[in-house]
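Asks: What follows is protein.txt; its format and atoms are compact mmCIF, C-alpha atoms.
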```txt
# COMPACT_ATOMS: atom_id res chain seq x y z
CA MET T 1 90.89 144.26 104.10
CA LYS T 2 90.88 141.04 106.10
CA ARG T 3 93.54 138.55 105.18
CA ILE T 4 93.08 134.78 105.14
CA LEU T 5 95.84 132.23 104.68
CA VAL T 6 94.76 128.87 103.30
CA ALA T 7 97.08 125.97 104.07
CA CYS T 8 97.08 122.40 102.84
CA GLY T 9 99.56 119.57 102.67
CA THR T 10 101.56 120.48 99.62
CA ALA T 11 99.73 123.44 98.10
CA ILE T 12 99.29 121.40 94.93
CA ALA T 13 95.55 121.17 94.64
CA THR T 14 93.37 121.51 97.64
CA SER T 15 94.42 124.91 98.98
CA THR T 16 93.88 126.41 95.54
CA VAL T 17 90.30 125.23 95.46
CA VAL T 18 89.60 126.18 99.06
CA ALA T 19 91.08 129.66 98.61
CA LYS T 20 88.95 130.33 95.54
CA LYS T 21 85.80 129.02 97.20
CA ILE T 22 86.24 131.22 100.28
CA GLU T 23 86.87 134.24 98.11
CA GLU T 24 83.76 133.51 96.06
CA VAL T 25 81.39 132.83 98.94
CA LEU T 26 82.53 135.82 101.00
CA GLY T 27 82.48 137.93 97.85
CA SER T 28 78.87 136.93 97.19
CA LYS T 29 78.07 138.21 100.68
CA GLY T 30 79.72 141.52 99.87
CA HIS T 31 82.98 140.94 101.72
CA GLU T 32 86.16 141.46 99.83
CA VAL T 33 89.01 139.55 101.45
CA PHE T 34 92.60 138.88 100.55
CA VAL T 35 93.30 135.15 100.34
CA ASP T 36 96.69 133.57 99.92
CA GLN T 37 97.72 129.94 100.04
CA CYS T 38 100.68 127.96 101.27
CA LYS T 39 101.90 124.56 102.38
CA ALA T 40 101.03 123.59 105.93
CA SER T 41 104.74 123.58 106.74
CA GLU T 42 105.04 127.22 105.60
CA ALA T 43 102.14 128.49 107.69
CA SER T 44 104.26 129.40 110.72
CA SER T 45 106.57 131.60 108.66
CA LYS T 46 103.77 133.35 106.73
CA VAL T 47 101.22 133.77 109.49
CA ALA T 48 102.34 137.19 110.75
CA ASN T 49 100.45 139.04 108.01
CA PHE T 50 97.14 137.20 108.34
CA ASP T 51 93.98 137.46 110.42
CA LEU T 52 92.94 133.85 110.02
CA ILE T 53 94.27 130.51 108.82
CA VAL T 54 91.98 128.03 107.12
CA ALA T 55 93.72 124.67 106.88
CA THR T 56 92.80 121.28 105.47
CA THR T 57 95.47 119.61 107.60
CA PRO T 58 96.88 120.41 111.06
CA VAL T 59 99.20 123.43 111.27
CA SER T 60 101.50 124.36 114.13
CA GLY T 61 103.60 127.27 115.30
CA VAL T 62 101.10 129.93 114.28
CA GLY T 63 100.85 131.68 117.66
CA ASP T 64 97.60 133.46 118.47
CA THR T 65 96.26 133.54 114.95
CA PRO T 66 92.95 131.66 114.85
CA VAL T 67 92.91 128.45 112.83
CA ILE T 68 89.85 126.84 111.30
CA GLN T 69 90.72 123.34 110.23
CA THR T 70 88.18 121.91 107.82
CA VAL T 71 87.72 119.94 104.63
CA SER T 72 84.15 121.10 104.07
CA PHE T 73 85.05 123.17 101.02
CA LEU T 74 86.19 119.95 99.36
CA SER T 75 83.70 117.40 100.66
CA GLY T 76 80.70 119.69 100.62
CA VAL T 77 79.71 118.68 104.15
CA GLY T 78 79.34 121.68 106.48
CA ILE T 79 80.30 124.57 104.17
CA ASP T 80 77.67 126.97 105.54
CA GLU T 81 78.77 126.41 109.13
CA ASP T 82 82.40 127.03 108.22
CA ILE T 83 81.61 130.21 106.32
CA GLN T 84 79.77 131.42 109.42
CA LYS T 85 82.80 130.54 111.57
CA ILE T 86 85.10 132.44 109.23
CA MET T 87 82.81 135.48 109.28
CA ASP T 88 82.59 135.33 113.08
CA VAL T 89 86.35 135.18 113.51
CA LEU T 90 86.88 138.03 111.05
CA GLU T 91 83.95 139.96 112.54
CA LEU T 92 82.18 140.31 109.21
CA ASP T 93 78.39 140.71 109.10
CA MET I 1 85.54 126.08 80.14
CA ASN I 2 86.14 122.67 78.66
CA PHE I 3 87.75 120.05 80.81
CA LYS I 4 86.83 117.01 78.72
CA LYS I 5 90.45 116.63 77.64
CA PHE I 6 91.39 115.56 81.17
CA PHE I 7 89.19 112.46 81.08
CA HIS I 8 89.77 109.40 78.93
CA GLU I 9 88.12 106.03 78.69
CA ASP I 10 91.49 104.29 78.91
CA ILE I 11 92.07 105.67 82.40
CA ILE I 12 88.66 104.92 83.83
CA PHE I 13 89.02 101.87 86.04
CA LEU I 14 86.26 99.63 87.32
CA LEU I 15 88.21 97.65 89.80
CA HIS I 16 88.48 95.39 92.72
CA ALA I 17 91.17 96.13 95.27
CA LYS I 18 91.55 95.08 98.85
CA THR I 19 93.87 97.87 99.92
CA GLN I 20 94.77 101.41 99.05
CA GLU I 21 98.13 100.19 97.84
CA GLY I 22 96.54 97.68 95.48
CA LEU I 23 94.23 100.35 94.16
CA PHE I 24 97.07 102.83 93.60
CA LYS I 25 99.09 100.17 91.83
CA LYS I 26 96.32 99.25 89.41
CA MET I 27 95.41 102.83 88.58
CA THR I 28 98.95 104.16 88.21
CA GLU I 29 99.98 101.20 86.06
CA GLY I 30 97.17 102.02 83.68
CA MET I 31 97.99 105.70 83.67
CA GLN I 32 101.67 104.97 83.09
CA LYS I 33 100.92 102.51 80.31
CA HIS I 34 98.97 105.16 78.44
CA GLY I 35 101.74 107.69 78.93
CA TYR I 36 100.07 110.10 81.35
CA VAL I 37 102.42 109.64 84.28
CA LYS I 38 106.05 108.72 84.87
CA GLU I 39 107.38 105.61 86.54
CA THR I 40 108.01 107.65 89.69
CA TYR I 41 104.35 108.62 90.04
CA LEU I 42 103.26 105.59 92.09
CA GLU I 43 105.87 106.03 94.82
CA ALA I 44 105.24 109.77 94.90
CA ILE I 45 101.48 109.28 95.28
CA LYS I 46 101.95 106.71 98.04
CA GLU I 47 104.37 108.91 99.93
CA ARG I 48 102.18 111.95 99.77
CA GLU I 49 99.05 110.06 100.71
CA GLU I 50 100.80 108.76 103.81
CA ILE I 51 101.72 112.24 105.02
CA TYR I 52 98.76 114.18 103.66
CA PRO I 53 95.83 111.81 103.13
CA THR I 54 93.16 112.71 100.58
CA GLY I 55 90.15 110.62 101.66
CA LEU I 56 86.96 112.67 101.98
CA GLN I 57 83.65 111.67 103.48
CA THR I 58 80.92 113.32 101.43
CA GLU I 59 77.23 113.32 102.25
CA ILE I 60 76.71 109.95 100.59
CA THR I 61 80.02 108.16 100.14
CA GLY I 62 83.78 108.17 100.45
CA VAL I 63 85.87 109.81 97.73
CA ALA I 64 89.63 110.32 97.42
CA ILE I 65 91.70 112.69 95.31
CA PRO I 66 95.26 111.36 95.40
CA HIS I 67 97.73 113.67 93.68
CA THR I 68 101.38 114.60 93.73
CA ASP I 69 103.94 116.97 92.34
CA HIS I 70 103.79 117.73 88.62
CA ASP I 71 107.35 116.44 88.18
CA HIS I 72 105.86 112.97 87.97
CA VAL I 73 103.33 113.87 85.28
CA ASN I 74 103.80 113.57 81.51
CA LYS I 75 100.42 114.50 80.14
CA GLU I 76 97.71 116.05 82.21
CA ALA I 77 94.80 113.78 82.96
CA ILE I 78 92.46 112.61 85.65
CA GLY I 79 92.09 108.91 86.27
CA ILE I 80 88.77 107.71 87.67
CA GLY I 81 88.59 104.59 89.80
CA VAL I 82 85.26 103.04 90.78
CA LEU I 83 85.64 100.30 93.33
CA GLU I 84 83.51 97.18 93.56
CA GLU I 85 84.00 97.25 97.31
CA PRO I 86 85.22 100.35 99.15
CA VAL I 87 88.76 100.43 100.53
CA PRO I 88 89.89 102.32 103.64
CA PHE I 89 91.75 105.61 103.26
CA LYS I 90 92.91 107.97 105.93
CA HIS I 91 90.69 111.02 106.03
CA MET I 92 92.12 114.33 104.93
CA GLY I 93 93.04 116.59 107.83
CA MET I 94 91.85 114.27 110.58
CA GLU I 95 94.18 112.12 112.53
CA ASN I 96 93.12 108.51 113.08
CA VAL I 97 89.94 108.86 111.05
CA GLU I 98 89.32 106.42 108.25
CA VAL I 99 86.92 106.73 105.38
CA MET I 100 85.73 103.90 103.15
CA VAL I 101 86.39 105.15 99.63
CA SER I 102 84.35 104.03 96.62
CA VAL I 103 85.30 106.59 93.99
CA VAL I 104 88.81 107.86 93.29
CA PHE I 105 89.84 110.82 91.16
CA MET I 106 93.57 110.44 90.60
CA LEU I 107 94.96 113.79 89.55
CA ALA I 108 97.88 114.03 87.19
CA ILE I 109 98.07 117.78 86.76
CA GLN I 110 100.56 120.52 86.04
CA LYS I 111 100.99 123.57 88.19
CA PRO I 112 97.81 124.25 90.12
CA ASP I 113 97.67 127.98 89.47
CA LYS I 114 96.94 127.10 85.85
CA GLN I 115 94.57 124.30 86.83
CA LEU I 116 92.09 126.01 89.04
CA GLY I 117 89.26 125.37 86.60
CA VAL I 118 89.62 121.62 86.50
CA LEU I 119 90.21 121.41 90.25
CA GLN I 120 87.00 123.32 90.88
CA VAL I 121 85.23 120.92 88.56
CA ILE I 122 86.52 117.94 90.52
CA THR I 123 85.30 119.49 93.76
CA GLY I 124 81.99 120.18 92.08
CA LEU I 125 81.74 116.54 91.00
CA ILE I 126 82.59 115.27 94.48
CA GLN I 127 79.87 117.41 96.02
CA ASP I 128 77.23 116.39 93.47
CA ASN I 129 75.55 113.45 95.17
CA GLU I 130 73.37 112.42 92.23
CA LEU I 131 76.28 112.41 89.85
CA ILE I 132 78.57 110.42 92.12
CA LYS I 133 75.76 107.94 92.64
CA LYS I 134 75.40 107.52 88.88
CA ILE I 135 79.14 106.95 88.50
CA GLN I 136 79.05 104.35 91.26
CA ILE I 137 76.10 102.42 89.89
CA THR I 138 77.00 102.16 86.23
CA LYS I 139 79.40 99.39 85.34
CA ASP I 140 80.33 100.93 82.04
CA LYS I 141 83.37 103.09 81.30
CA LYS I 142 81.75 104.77 78.29
CA GLU I 143 78.77 105.65 80.42
CA ILE I 144 81.01 107.19 83.09
CA LEU I 145 82.77 109.29 80.47
CA ALA I 146 79.37 110.33 79.11
CA ILE I 147 78.23 111.38 82.59
CA ILE I 148 81.35 113.52 83.00
CA HIS I 149 80.91 115.06 79.55
CA GLN I 150 77.32 115.87 80.29
CA TYR I 151 78.39 117.57 83.52
CA ASN I 152 80.90 119.58 81.51
CA ASP I 153 78.24 120.67 79.04
CA GLU I 154 75.82 121.68 81.77
CA LEU I 155 78.49 123.77 83.47
CA ASN I 156 79.12 125.60 80.24
CA VAL I 157 75.42 126.29 79.77
CA SER I 158 75.04 127.64 83.29
CA ASN I 159 78.12 129.83 82.96
```
What is this structure when it is put down as structure tokens?

Replies:
Amino acid sequence: MKRILVACGTAIATSTVVAKKIEEVLGSKGHEVFVDQCKASEASSKVANFDLIVATTPVSGVGDTPVIQTVSFLSGVGIDEDIQKIMDVLELD
Amino acid sequence: MNFKKFFHEDIIFLLHAKTQEGLFKKMTEGMQKHGYVKETYLEAIKEREEIYPTGLQTEITGVAIPHTDHDHVNKEAIGIGVLEEPVPFKHMGMENVEVMVSVVFMLAIQKPDKQLGVLQVITGLIQDNELIKKIQITKDKKEILAIIHQYNDELNVSN
């Protein structure tokens, strides 16, 4: 199963919503993924086990792991494009 | 799901502010006065907003969702601020991008893992252009609360 790490500033509110939304949308397309969340500052130490990072704020020190930085899941602007990006990176159809 | 308990007429603010700081001050004072947040909430919100801004450009307007650690919260609630004139916020996740914010949802919540429902509702509200427009246009706190309650009821019907 593909693994996505969602990072936001303090992991108080936004990453929770983003994580759930990604899970739901990919789920509705028949893709079961594992989604976990963390603070942006924790991303570098957690990244090893993940295929992709989706972040609402810049993250650093994550090596070769692809990062999609976006706030679309909160603002509603550009969600479809970002879902496509996520599916492309994870090579899901 | 019923999230009506998060919204109260006494923490809906129709206000005029020139700056983000002025806006935060007015809203947090009201929320503190009614016992929802602690004295430390204002500083905590300001600090967090500086490092991790919460301004969001939606399809039709600018919205912000300032929030901070639950240590600064007494009673869970969501304050709503509707500004006469928009004030500049830094945009979430984008360096050097500003957004003119007209509607603010100030979150005073407990641990997020227990709050997913209400957070999803807030995101739903933000992304509902018609509803945000209605909140912006009306100059009546009762009406705003009624709009939110109606949204709540519709969600429950569709679920």

Asks: Find the residues near Ser45 of chain T: any atom within 12 Å, counting all atoms listed in the file, skip ones fewer than 5 places away on the same chain, and give them as a list in words.

Replies: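 With the cut-off at 12 Å, the set is Leu5, Ala7, Cys38, Lys39, Ala40, Phe50, Val59, Ser60, Gly61, Val62 and Gly63 of chain T.
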
Asks: What does the distance from atom CA of Gly30 of chain T to atom CA of Gln120 of chain I come to in Å, to one decimal?

Replies: 21.6 Å

Asks: I need the residue nearest Ile12 of chain I from this list: I:Phe24, I:Phe105, I:Tyr41, I:Tyr52. Use all atoms listed in the file for the distance.

Replies: I:Phe105

Asks: Using all atoms listed in the file, which residues sit within 7 Å of segment 78-80 of chain I once same-chain residues fewer than 6 positions away are excluded, as a list in words?

Replies: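 Non-adjacent residues within range: Phe6, Phe7, Ile11, Ile12, Phe13, Val104, Phe105, Met106, Leu107 and Ala108 of chain I.
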
Asks: So what do you get for atom CA of Asn156 of chain I versus atom CA of Leu119 of chain I, distance-wise?

Replies: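 The value is 15.5 Å.
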
Asks: Please indicate the distance in Å from atom CA of Met92 of chain I to atom CA of Gly78 of chain T, rounded to one decimal place.

Replies: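 Computing the Euclidean distance for atom CA of Met92 of chain I and atom CA of Gly78 of chain T yields 14.8 Å.
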